[in-house]
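Content type mmCIF, C-alpha atoms, from the file structure-v4.cif:
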data_structure
loop_
_atom_site.label_atom_id
_atom_site.label_comp_id
_atom_site.auth_asym_id
_atom_site.auth_seq_id
_atom_site.Cartn_x
_atom_site.Cartn_y
_atom_site.Cartn_z
CA MET T 1 166.72 243.26 133.72
CA GLU T 2 166.13 243.27 129.96
CA LYS T 3 162.35 243.14 130.47
CA LYS T 4 162.58 246.07 132.92
CA ALA T 5 164.52 248.13 130.38
CA GLN T 6 161.98 247.24 127.68
CA ASN T 7 159.07 248.34 129.90
CA LYS T 8 160.87 251.59 130.68
CA PHE T 9 161.35 252.24 126.94
CA ILE T 10 157.64 251.58 126.25
CA LYS T 11 156.64 253.94 129.10
CA THR T 12 158.95 256.60 127.68
CA LEU T 13 157.29 256.27 124.25
CA ILE T 14 153.83 256.52 125.83
CA GLY T 15 154.91 259.65 127.71
CA LEU T 16 155.82 261.21 124.36
CA GLY T 17 152.29 260.50 123.08
CA PRO T 18 150.80 264.04 123.09
CA GLY T 19 153.80 265.55 121.28
CA ILE T 20 153.96 262.67 118.78
CA ILE T 21 150.23 263.00 118.01
CA THR T 22 150.62 266.75 117.39
CA ALA T 23 153.59 266.11 115.08
CA ALA T 24 151.67 263.44 113.18
CA LEU T 25 148.54 265.55 112.64
CA VAL T 26 150.63 268.57 111.49
CA PHE T 27 152.81 266.57 109.09
CA GLY T 28 150.14 265.77 106.51
CA PRO T 29 150.13 265.41 102.69
CA SER T 30 149.94 269.17 102.09
CA LYS T 31 152.97 269.64 104.35
CA MET T 32 154.87 266.98 102.39
CA THR T 33 153.97 268.72 99.12
CA ILE T 34 155.24 272.09 100.38
CA THR T 35 158.50 270.61 101.73
CA SER T 36 159.08 268.64 98.50
CA ARG T 37 158.55 271.81 96.45
CA LEU T 38 160.94 273.82 98.62
CA GLY T 39 163.72 271.30 98.04
CA ALA T 40 162.90 270.84 94.35
CA GLU T 41 162.81 274.55 93.51
CA TYR T 42 165.36 276.06 95.93
CA GLY T 43 167.63 273.17 96.87
CA TYR T 44 169.06 273.18 100.38
CA SER T 45 168.85 276.97 100.74
CA THR T 46 165.53 277.05 102.64
CA LEU T 47 166.45 274.65 105.47
CA TRP T 48 166.86 277.58 107.87
CA VAL T 49 163.13 278.28 107.78
CA VAL T 50 162.50 274.86 109.41
CA VAL T 51 164.38 276.11 112.49
CA VAL T 52 162.30 279.32 112.64
CA ALA T 53 158.94 277.54 112.27
CA ILE T 54 159.85 274.78 114.73
CA PHE T 55 161.06 277.30 117.32
CA PHE T 56 157.68 279.05 117.44
CA MET T 57 155.81 275.74 117.26
CA LEU T 58 157.83 274.56 120.28
CA ILE T 59 156.95 277.72 122.22
CA PHE T 60 153.20 277.44 121.63
CA THR T 61 152.99 273.64 121.91
CA ASN T 62 154.80 273.84 125.23
CA MET T 63 152.34 276.58 126.22
CA GLY T 64 149.41 274.33 125.32
CA ALA T 65 150.90 271.44 127.28
CA ARG T 66 151.37 273.60 130.40
CA ILE T 67 147.77 274.82 130.15
CA GLY T 68 146.66 271.17 130.06
CA LEU T 69 148.75 270.38 133.14
CA SER T 70 147.59 273.44 135.09
CA SER T 71 143.84 272.78 135.19
CA GLN T 72 141.18 270.06 135.19
CA LEU T 73 139.13 272.26 132.85
CA SER T 74 139.58 272.13 129.07
CA LEU T 75 141.18 275.12 127.33
CA LEU T 76 137.87 276.12 125.75
CA ASN T 77 136.26 276.00 129.19
CA LEU T 78 138.99 278.28 130.53
CA ILE T 79 138.40 280.65 127.61
CA ARG T 80 134.64 280.64 128.25
CA ASN T 81 135.20 281.42 131.92
CA LYS T 82 137.64 284.24 131.18
CA TRP T 83 135.70 285.89 128.34
CA SER T 84 132.33 284.46 127.30
CA LYS T 85 130.61 281.37 125.93
CA SER T 86 130.45 282.91 122.45
CA VAL T 87 134.27 283.17 122.23
CA GLY T 88 134.58 279.43 122.84
CA ILE T 89 131.86 278.67 120.28
CA VAL T 90 133.58 280.80 117.60
CA ILE T 91 136.86 278.92 118.12
CA GLY T 92 135.23 275.48 118.21
CA ILE T 93 133.07 275.98 115.11
CA GLY T 94 135.92 277.68 113.25
CA VAL T 95 138.33 274.80 113.90
CA PHE T 96 135.64 272.28 112.92
CA LEU T 97 135.06 274.03 109.57
CA VAL T 98 138.78 274.26 108.79
CA ALA T 99 139.35 270.62 109.84
CA THR T 100 136.46 269.43 107.65
CA SER T 101 137.72 271.47 104.69
CA PHE T 102 141.23 270.05 104.84
CA GLN T 103 140.09 266.53 105.70
CA ALA T 104 139.42 265.96 102.00
CA GLY T 105 143.14 266.55 101.28
CA ASN T 106 144.10 263.94 103.88
CA SER T 107 141.66 261.43 102.35
CA ILE T 108 143.04 262.06 98.87
CA GLY T 109 146.61 261.68 100.18
CA VAL T 110 145.81 258.27 101.66
CA GLY T 111 144.07 257.17 98.45
CA ILE T 112 146.91 258.28 96.16
CA ALA T 113 149.65 256.73 98.33
CA ILE T 114 148.11 253.24 98.15
CA ALA T 115 146.74 253.58 94.60
CA GLU T 116 150.14 254.62 93.16
CA ALA T 117 151.86 251.64 94.78
CA SER T 118 149.16 249.08 93.91
CA GLY T 119 147.86 250.35 90.55
CA THR T 120 144.29 250.64 91.85
CA LYS T 121 141.71 253.44 92.08
CA PRO T 122 142.24 256.06 94.83
CA TRP T 123 138.53 256.31 95.76
CA LEU T 124 138.53 252.68 96.96
CA TRP T 125 141.28 253.42 99.50
CA VAL T 126 139.60 256.67 100.55
CA LEU T 127 136.58 254.61 101.59
CA ILE T 128 138.60 251.84 103.24
CA PHE T 129 140.83 254.07 105.35
CA ASN T 130 138.09 256.45 106.41
CA ALA T 131 136.07 253.39 107.46
CA LEU T 132 139.14 252.17 109.35
CA GLY T 133 139.53 255.60 110.98
CA ILE T 134 135.89 255.61 112.09
CA SER T 135 136.23 252.03 113.41
CA LEU T 136 138.98 253.23 115.78
CA LEU T 137 136.30 255.31 117.55
CA PHE T 138 134.65 252.10 118.74
CA PHE T 139 137.69 251.06 120.78
CA ARG T 140 137.02 251.40 124.50
CA SER T 141 140.11 253.56 125.03
CA PHE T 142 140.27 255.68 121.89
CA TYR T 143 143.12 257.83 123.24
CA LYS T 144 145.43 254.87 123.90
CA THR T 145 144.61 253.45 120.47
CA LEU T 146 145.24 256.85 118.86
CA GLU T 147 148.53 257.20 120.74
CA LYS T 148 149.85 253.78 119.65
CA LEU T 149 148.69 254.35 116.06
CA MET T 150 150.43 257.74 115.82
CA ILE T 151 153.68 256.39 117.30
CA ALA T 152 153.60 253.57 114.72
CA LEU T 153 152.86 255.93 111.81
CA VAL T 154 155.58 258.39 112.88
CA ALA T 155 158.01 255.45 113.11
CA LEU T 156 156.96 254.42 109.56
CA MET T 157 157.57 257.97 108.29
CA LEU T 158 160.96 258.20 110.01
CA ILE T 159 162.11 254.84 108.60
CA SER T 160 160.96 255.64 105.06
CA PHE T 161 162.39 259.19 104.97
CA ILE T 162 165.72 258.32 106.65
CA THR T 163 166.23 255.34 104.30
CA THR T 164 165.42 257.59 101.31
CA LEU T 165 167.92 260.13 102.69
CA PHE T 166 170.72 257.53 102.67
CA LEU T 167 169.78 256.43 99.15
CA VAL T 168 169.94 259.93 97.62
CA LYS T 169 173.35 260.80 99.22
CA PRO T 170 172.83 264.55 99.71
CA SER T 171 175.56 267.19 99.83
CA PHE T 172 176.75 267.63 103.43
CA SER T 173 178.12 271.12 102.75
CA GLY T 174 174.87 272.04 100.98
CA ILE T 175 172.89 271.00 104.08
CA LEU T 176 175.10 273.06 106.41
CA ASN T 177 174.85 276.14 104.16
CA GLY T 178 171.08 275.69 103.99
CA PHE T 179 170.76 276.46 107.70
CA ILE T 180 172.31 279.90 107.18
CA PRO T 181 169.40 282.38 106.75
CA ASN T 182 169.11 283.74 103.20
CA PHE T 183 166.33 284.73 100.84
CA THR T 184 166.02 283.50 97.27
CA LEU T 185 163.95 285.67 94.93
CA GLY T 186 160.53 284.12 94.36
CA SER T 187 160.69 281.77 97.35
CA GLY T 188 158.49 284.02 99.57
CA PRO T 189 155.07 282.38 98.97
CA LEU T 190 156.42 278.85 99.55
CA LEU T 191 158.34 279.90 102.68
CA ILE T 192 155.23 281.55 104.09
CA ALA T 193 153.13 278.48 103.25
CA PHE T 194 155.68 276.29 105.03
CA VAL T 195 155.76 278.43 108.18
CA ALA T 196 151.95 278.64 108.23
CA SER T 197 151.61 274.85 107.95
CA CYS T 198 154.44 273.96 110.35
CA PHE T 199 153.65 276.60 112.99
CA SER T 200 150.19 275.11 113.54
CA ILE T 201 148.48 277.10 116.28
CA VAL T 202 145.48 274.73 116.18
CA GLY T 203 147.82 271.78 116.80
CA ALA T 204 149.44 273.69 119.70
CA PHE T 205 145.98 274.56 121.09
CA TYR T 206 144.89 270.92 121.01
CA GLN T 207 148.07 269.87 122.82
CA SER T 208 146.37 270.94 126.07
CA TYR T 209 143.60 268.39 125.42
CA LEU T 210 146.08 265.63 124.56
CA VAL T 211 148.08 266.23 127.75
CA GLN T 212 144.87 265.93 129.80
CA GLU T 213 143.94 262.70 127.99
CA ASN T 214 147.45 261.36 128.55
CA SER T 215 147.28 262.25 132.26
CA LYS T 216 143.99 260.36 132.53
CA SER T 217 145.33 257.28 130.70
CA ASN T 218 148.83 257.38 132.25
CA PRO T 219 148.59 258.87 135.79
CA THR T 220 152.35 258.44 136.38
CA GLU T 221 152.99 260.90 133.52
CA ALA T 222 150.46 263.44 134.83
CA SER T 223 152.96 266.12 135.87
CA LYS T 224 155.39 265.73 132.96
CA ASN T 225 155.62 267.85 129.84
CA LYS T 226 157.36 266.05 126.98
CA SER T 227 155.74 267.89 124.09
CA PHE T 228 159.07 269.16 122.72
CA THR T 229 160.20 265.71 121.50
CA GLY T 230 157.31 265.30 119.05
CA ILE T 231 157.81 268.79 117.63
CA LEU T 232 161.55 268.18 117.15
CA ILE T 233 160.60 265.02 115.21
CA LEU T 234 158.25 267.18 113.11
CA GLY T 235 161.14 269.52 112.30
CA PHE T 236 163.47 266.62 111.52
CA MET T 237 161.00 265.02 109.09
CA SER T 238 160.42 268.38 107.36
CA ALA T 239 164.16 268.91 106.93
CA VAL T 240 164.72 265.37 105.62
CA VAL T 241 162.02 265.72 102.91
CA ILE T 242 163.50 269.08 101.82
CA ILE T 243 166.99 267.50 101.67
CA CYS T 244 165.76 264.49 99.65
CA ALA T 245 163.98 266.76 97.15
CA ALA T 246 167.05 269.03 96.96
CA ALA T 247 169.32 266.06 96.20
CA VAL T 248 167.06 264.35 93.64
CA LEU T 249 164.76 266.91 92.01
CA ASN T 250 166.68 270.20 92.14
CA PRO T 251 169.69 269.08 90.02
CA GLN T 252 167.30 267.83 87.31
CA GLY T 253 165.13 270.96 87.41
CA ILE T 254 162.06 268.85 88.17
CA LYS T 255 159.18 270.72 89.85
CA VAL T 256 156.53 268.91 91.88
CA ASN T 257 152.90 269.80 92.51
CA SER T 258 152.18 266.92 94.87
CA ALA T 259 154.09 264.67 97.25
CA SER T 260 153.32 261.60 95.12
CA GLU T 261 155.30 263.15 92.23
CA MET T 262 158.38 262.98 94.46
CA SER T 263 158.10 259.18 94.50
CA LYS T 264 157.82 259.09 90.70
CA ALA T 265 161.05 261.08 90.43
CA LEU T 266 162.84 258.63 92.72
CA GLU T 267 161.91 255.55 90.66
CA PRO T 268 164.14 256.11 87.56
CA LEU T 269 167.18 256.71 89.76
CA PHE T 270 166.73 254.20 92.57
CA GLY T 271 164.06 251.78 91.36
CA THR T 272 160.55 250.94 92.58
CA TYR T 273 161.87 250.17 96.07
CA ALA T 274 162.72 253.83 96.74
CA ALA T 275 159.47 255.05 95.17
CA ASP T 276 157.36 252.65 97.25
CA LEU T 277 159.34 253.57 100.36
CA PHE T 278 158.55 257.27 99.89
CA LEU T 279 154.89 256.40 99.22
CA ALA T 280 154.88 254.52 102.54
CA GLY T 281 155.96 257.78 104.18
CA LEU T 282 153.20 259.65 102.32
CA PHE T 283 150.68 257.08 103.54
CA GLY T 284 151.89 257.52 107.13
CA ALA T 285 151.61 261.29 106.84
CA SER T 286 148.15 261.14 105.23
CA PHE T 287 146.56 258.55 107.53
CA SER T 288 147.96 260.12 110.70
CA SER T 289 146.59 263.52 109.60
CA LEU T 290 143.29 261.96 108.55
CA VAL T 291 142.69 260.59 112.05
CA GLY T 292 144.41 263.42 113.95
CA ASN T 293 142.76 266.27 112.05
CA ALA T 294 139.31 264.73 112.52
CA THR T 295 140.00 264.25 116.23
CA VAL T 296 140.91 267.93 116.66
CA GLY T 297 137.93 269.24 114.67
CA GLY T 298 135.40 266.91 116.29
CA SER T 299 136.68 267.33 119.87
CA LEU T 300 136.75 271.14 119.79
CA MET T 301 133.32 271.35 118.14
CA ALA T 302 131.81 269.08 120.81
CA ASP T 303 133.49 271.04 123.61
CA ALA T 304 132.39 274.39 122.15
CA LEU T 305 128.76 273.25 122.06
CA GLY T 306 128.91 271.85 125.61
CA PHE T 307 128.86 268.12 124.75
CA GLY T 308 132.14 267.36 126.54
CA TYR T 309 135.73 267.13 125.35
CA ARG T 310 137.01 263.75 126.52
CA LEU T 311 137.66 261.24 123.75
CA SER T 312 135.58 258.75 125.74
CA ASP T 313 132.47 260.94 125.35
CA LYS T 314 130.03 259.60 122.73
CA ALA T 315 129.21 263.06 121.35
CA VAL T 316 132.91 263.78 120.80
CA ARG T 317 133.31 260.55 118.83
CA LEU T 318 130.25 261.35 116.72
CA PHE T 319 131.67 264.76 115.76
CA ILE T 320 135.04 263.14 114.92
CA ALA T 321 133.24 260.64 112.67
CA LEU T 322 131.34 263.52 111.03
CA VAL T 323 134.61 265.23 110.04
CA MET T 324 135.84 261.95 108.46
CA VAL T 325 132.59 261.33 106.59
CA CYS T 326 132.51 264.89 105.17
CA GLY T 327 136.16 264.71 104.11
CA ALA T 328 135.71 261.32 102.42
CA ALA T 329 132.56 262.52 100.62
CA ILE T 330 134.35 265.60 99.21
CA ALA T 331 137.35 263.48 98.14
CA ILE T 332 135.20 260.93 96.30
CA ILE T 333 132.81 263.45 94.68
CA PHE T 334 135.47 265.89 93.45
CA GLY T 335 138.57 263.67 93.26
CA LYS T 336 140.63 266.57 94.61
CA LEU T 337 140.27 269.44 97.04
CA PRO T 338 138.02 272.01 95.32
CA LEU T 339 139.55 275.47 94.91
CA GLU T 340 136.50 277.10 96.50
CA LEU T 341 136.94 274.92 99.60
CA ILE T 342 140.64 275.82 99.86
CA ILE T 343 139.75 279.53 99.68
CA PHE T 344 137.00 279.05 102.28
CA ALA T 345 139.35 277.21 104.66
CA GLN T 346 142.07 279.82 104.19
CA SER T 347 139.57 282.63 104.78
CA VAL T 348 138.43 281.12 108.08
CA THR T 349 142.05 280.42 109.07
CA ILE T 350 143.17 284.00 108.36
CA PHE T 351 140.94 285.42 111.08
CA LEU T 352 140.90 282.41 113.40
CA VAL T 353 144.60 281.59 113.87
CA PRO T 354 145.80 284.92 115.40
CA PHE T 355 142.66 284.95 117.58
CA ILE T 356 143.37 281.42 118.89
CA GLY T 357 147.02 282.29 119.47
CA PHE T 358 146.05 285.39 121.43
CA THR T 359 143.61 283.50 123.71
CA MET T 360 146.25 280.82 124.42
CA TYR T 361 148.88 283.46 125.19
CA VAL T 362 146.62 285.37 127.59
CA ILE T 363 145.54 282.20 129.44
CA ALA T 364 149.17 281.02 129.74
CA ASN T 365 150.16 284.41 131.22
CA ASP T 366 147.39 284.30 133.84
CA ALA T 367 149.02 283.44 137.18
CA GLN T 368 145.64 282.66 138.82
CA ILE T 369 144.86 279.97 136.24
CA MET T 370 148.37 278.65 135.57
CA GLY T 371 150.07 278.74 138.97
CA LYS T 372 153.57 277.27 138.64
CA TYR T 373 152.92 276.54 134.95
CA GLN T 374 152.60 280.23 134.04
CA ASN T 375 154.67 281.54 131.09
CA ASN T 376 158.24 282.44 132.05
CA ARG T 377 160.03 285.45 130.56
CA LEU T 378 161.29 283.53 127.50
CA ALA T 379 157.79 282.17 126.75
CA LYS T 380 156.30 285.66 127.12
CA ILE T 381 158.80 287.29 124.73
CA ALA T 382 158.89 284.44 122.20
CA GLY T 383 155.10 284.06 122.42
CA ALA T 384 154.61 287.76 121.66
CA LEU T 385 156.94 287.45 118.65
CA GLY T 386 154.98 284.37 117.57
CA LEU T 387 151.73 286.35 117.71
CA LEU T 388 153.32 289.06 115.55
CA LEU T 389 154.36 286.37 113.05
CA LEU T 390 150.84 284.87 113.01
CA THR T 391 149.35 288.32 112.44
CA ALA T 392 151.82 289.05 109.62
CA LEU T 393 150.95 285.71 107.97
CA ALA T 394 147.23 286.52 108.30
CA VAL T 395 147.71 289.96 106.70
CA TRP T 396 149.73 288.43 103.84
CA ASN T 397 147.09 285.72 103.25
CA PHE T 398 144.32 288.32 103.31
CA TYR T 399 146.21 290.39 100.71
CA GLN T 400 146.77 287.34 98.48
CA LEU T 401 143.14 286.19 98.66
CA PHE T 402 141.14 289.40 98.57
CA ILE T 403 143.28 292.32 97.36
CA LYS T 404 145.92 291.11 94.90
#

Can I see the file as structure tokens?
Amino acid sequence: MEKKAQNKFIKTLIGLGPGIITAALVFGPSKMTITSRLGAEYGYSTLWVVVVAIFFMLIFTNMGARIGLSSQLSLLNLIRNKWSKSVGIVIGIGVFLVATSFQAGNSIGVGIAIAEASGTKPWLWVLIFNALGISLLFFRSFYKTLEKLMIALVALMLISFITTLFLVKPSFSGILNGFIPNFTLGSGPLLIAFVASCFSIVGAFYQSYLVQENSKSNPTEASKNKSFTGILILGFMSAVVIICAAAVLNPQGIKVNSASEMSKALEPLFGTYAADLFLAGLFGASFSSLVGNATVGGSLMADALGFGYRLSDKAVRLFIALVMVCGAAIAIIFGKLPLELIIFAQSVTIFLVPFIGFTMYVIANDAQIMGKYQNNRLAKIAGALGLLLLTALAVWNFYQLFIK
């Protein structure tokens, strides 16, 4: 009986795979930096924005999952059939460029997390963990390996952040008040950065691919959509990091520019155990994003160019490896993400994200393609509001980059 219950629990975890993978690739080192800064600078007062971002992420991730369940064709194939081949190529190449640009940040995050804890050089760990990431591509079933790895890394993050939460003993009333919408002067740029990073339309788009991979690997889960669980975990982790930073950094007036600085602030108060624990969470966030981000960029590039989209396809694995190699090279050569590369990635994202969101929304509303998985009224209304939000974020980013 106990073995049966254990097998059922394992099957449940595997069924959550696509949502967990999306959560893990979205919650990277840059996300941890933004959430740490929100808590450090504005205390608990910005917790409400987690609810807003997660709501729209849930809507579009669920949309992506339903698209994956509705057809044997990939989402880019559906887009090509509905519009033209060039539309699919623009999306695939755009995502590849953005993924490659930000891959350097993931590599640096992994390097810093281990280097800070061990007193060694970051570049060594950048090489080691990128080599480890590429070695995963040689496993016969890359998707199953990726799924198990992401579940383990998310579990590591949850353990480290929840333990840190208990150590810092936050204000319960402060947390409750933080979920009441308010606006603190000067918090706008950080709030927008948080929403833009948490409401990841590329992650939602790729959910359709993950659901199809999961259906192939786990036929019994083929008709189930459990994407919401992973996104709720994403929201929970974001809220916990904000709360920890609000409890530790905000009262001391300490500002952070990177997630690793959060661990340094924990050490004087709670010792090296707490600092290392938070660094373990940073490692989990960085390595999961390193592998997940490369998988998204490589898969969509291969699909856009007609080389296939399954993770078992050799061309797909080669493109995934290419993203990792480029990210590692940038991290080692520059030691940090170059400003020019950040601006380039943001520039591509500005125009790409609303476009991707629009194509997803139109496909999900198409009764001929979607059948019983077509958007319901709530998804149509919330999806339209999400597109307005994405457009507003794009306009704001354009103003900040090119006009201000």

task = Name every residue that the PyMOL selection byres ((chain T and resi 166) around 12) selects in this structure, writing the answer as a ChimeraX atom specification with chains first and numbers rising.
result = /T:159-165,167-172,240-241,243-244,247-248,270,274

inquiry  = Assuming the chain letters and numbering stay as they are in my file, what does the PyMOL selection byres ((chain T and resi 197) around 10) actually select? List them as a ChimeraX atom specification.
reply    = /T:26-28,30-31,34,53,191-196,198-201

Residue subset to file, keeping C-alpha atoms, as a PDB file, in the coordinates of the input:
ATOM      1  CA  VAL T  26     150.630 268.570 111.490  1.00  0.00           C
ATOM      2  CA  PHE T  27     152.810 266.570 109.090  1.00  0.00           C
ATOM      3  CA  GLY T  28     150.140 265.770 106.510  1.00  0.00           C
ATOM      4  CA  SER T  30     149.940 269.170 102.090  1.00  0.00           C
ATOM      5  CA  LYS T  31     152.970 269.640 104.350  1.00  0.00           C
ATOM      6  CA  ILE T  34     155.240 272.090 100.380  1.00  0.00           C
ATOM      7  CA  ALA T  53     158.940 277.540 112.270  1.00  0.00           C
ATOM      8  CA  LEU T 191     158.340 279.900 102.680  1.00  0.00           C
ATOM      9  CA  ILE T 192     155.230 281.550 104.090  1.00  0.00           C
ATOM     10  CA  ALA T 193     153.130 278.480 103.250  1.00  0.00           C
ATOM     11  CA  PHE T 194     155.680 276.290 105.030  1.00  0.00           C
ATOM     12  CA  VAL T 195     155.760 278.430 108.180  1.00  0.00           C
ATOM     13  CA  ALA T 196     151.950 278.640 108.230  1.00  0.00           C
ATOM     14  CA  CYS T 198     154.440 273.960 110.350  1.00  0.00           C
ATOM     15  CA  PHE T 199     153.650 276.600 112.990  1.00  0.00           C
ATOM     16  CA  SER T 200     150.190 275.110 113.540  1.00  0.00           C
ATOM     17  CA  ILE T 201     148.480 277.100 116.280  1.00  0.00           C
TER      18      ILE T 201
END

message = Which residue is closest to Gly281 of chain T? Choose from T:Leu300, T:Ser260, T:Met57, T:Ala367 and count only C-alpha atoms.
response =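 Among the listed residues, the smallest separation from Gly281 of chain T belongs to T:Ser260.
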
query = Do you know which residues lie at most 8 Å from (153.4, 258.2, 110.6), with coordinates as in the file and all atoms listed in the file counted, and could you write them as JSON, numbers by chain?
reply = {"T": [24, 150, 151, 152, 153, 154, 155, 156, 157, 158, 281, 283, 284, 285, 287, 288]}

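Of the residues under consideration (T:Leu25, T:Leu234, T:Ala265, T:Ile350), T:Ala265 shows the shortest atom-to-atom contact distance to Asn250 of chain T when counting all atoms listed in the file.
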
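With all atoms listed in the file as the basis for measurement, T:Ser286 is the residue among T:Gln72, T:Thr391, T:Ser286, T:Gln252 that approaches Val126 of chain T most closely.
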
Segment 294-299 of chain T surroundings by all atoms listed in the file, 8 Å radius, close-in-sequence under 5 positions cut, as a PDB file with C-alpha atoms, in the coordinates of the input:
ATOM      1  CA  GLY T  92     135.230 275.480 118.210  1.00  0.00           C
ATOM      2  CA  VAL T  95     138.330 274.800 113.900  1.00  0.00           C
ATOM      3  CA  PHE T  96     135.640 272.280 112.920  1.00  0.00           C
ATOM      4  CA  LEU T  97     135.060 274.030 109.570  1.00  0.00           C
ATOM      5  CA  VAL T  98     138.780 274.260 108.790  1.00  0.00           C
ATOM      6  CA  ALA T  99     139.350 270.620 109.840  1.00  0.00           C
ATOM      7  CA  THR T 100     136.460 269.430 107.650  1.00  0.00           C
ATOM      8  CA  GLN T 103     140.090 266.530 105.700  1.00  0.00           C
ATOM      9  CA  GLY T 203     147.820 271.780 116.800  1.00  0.00           C
ATOM     10  CA  TYR T 206     144.890 270.920 121.010  1.00  0.00           C
ATOM     11  CA  SER T 289     146.590 263.520 109.600  1.00  0.00           C
ATOM     12  CA  TYR T 309     135.730 267.130 125.350  1.00  0.00           C
ATOM     13  CA  ARG T 310     137.010 263.750 126.520  1.00  0.00           C
ATOM     14  CA  LEU T 311     137.660 261.240 123.750  1.00  0.00           C
ATOM     15  CA  VAL T 316     132.910 263.780 120.800  1.00  0.00           C
ATOM     16  CA  ARG T 317     133.310 260.550 118.830  1.00  0.00           C
ATOM     17  CA  LEU T 318     130.250 261.350 116.720  1.00  0.00           C
ATOM     18  CA  PHE T 319     131.670 264.760 115.760  1.00  0.00           C
ATOM     19  CA  ILE T 320     135.040 263.140 114.920  1.00  0.00           C
ATOM     20  CA  ALA T 321     133.240 260.640 112.670  1.00  0.00           C
ATOM     21  CA  LEU T 322     131.340 263.520 111.030  1.00  0.00           C
ATOM     22  CA  VAL T 323     134.610 265.230 110.040  1.00  0.00           C
ATOM     23  CA  MET T 324     135.840 261.950 108.460  1.00  0.00           C
TER      24      MET T 324
END
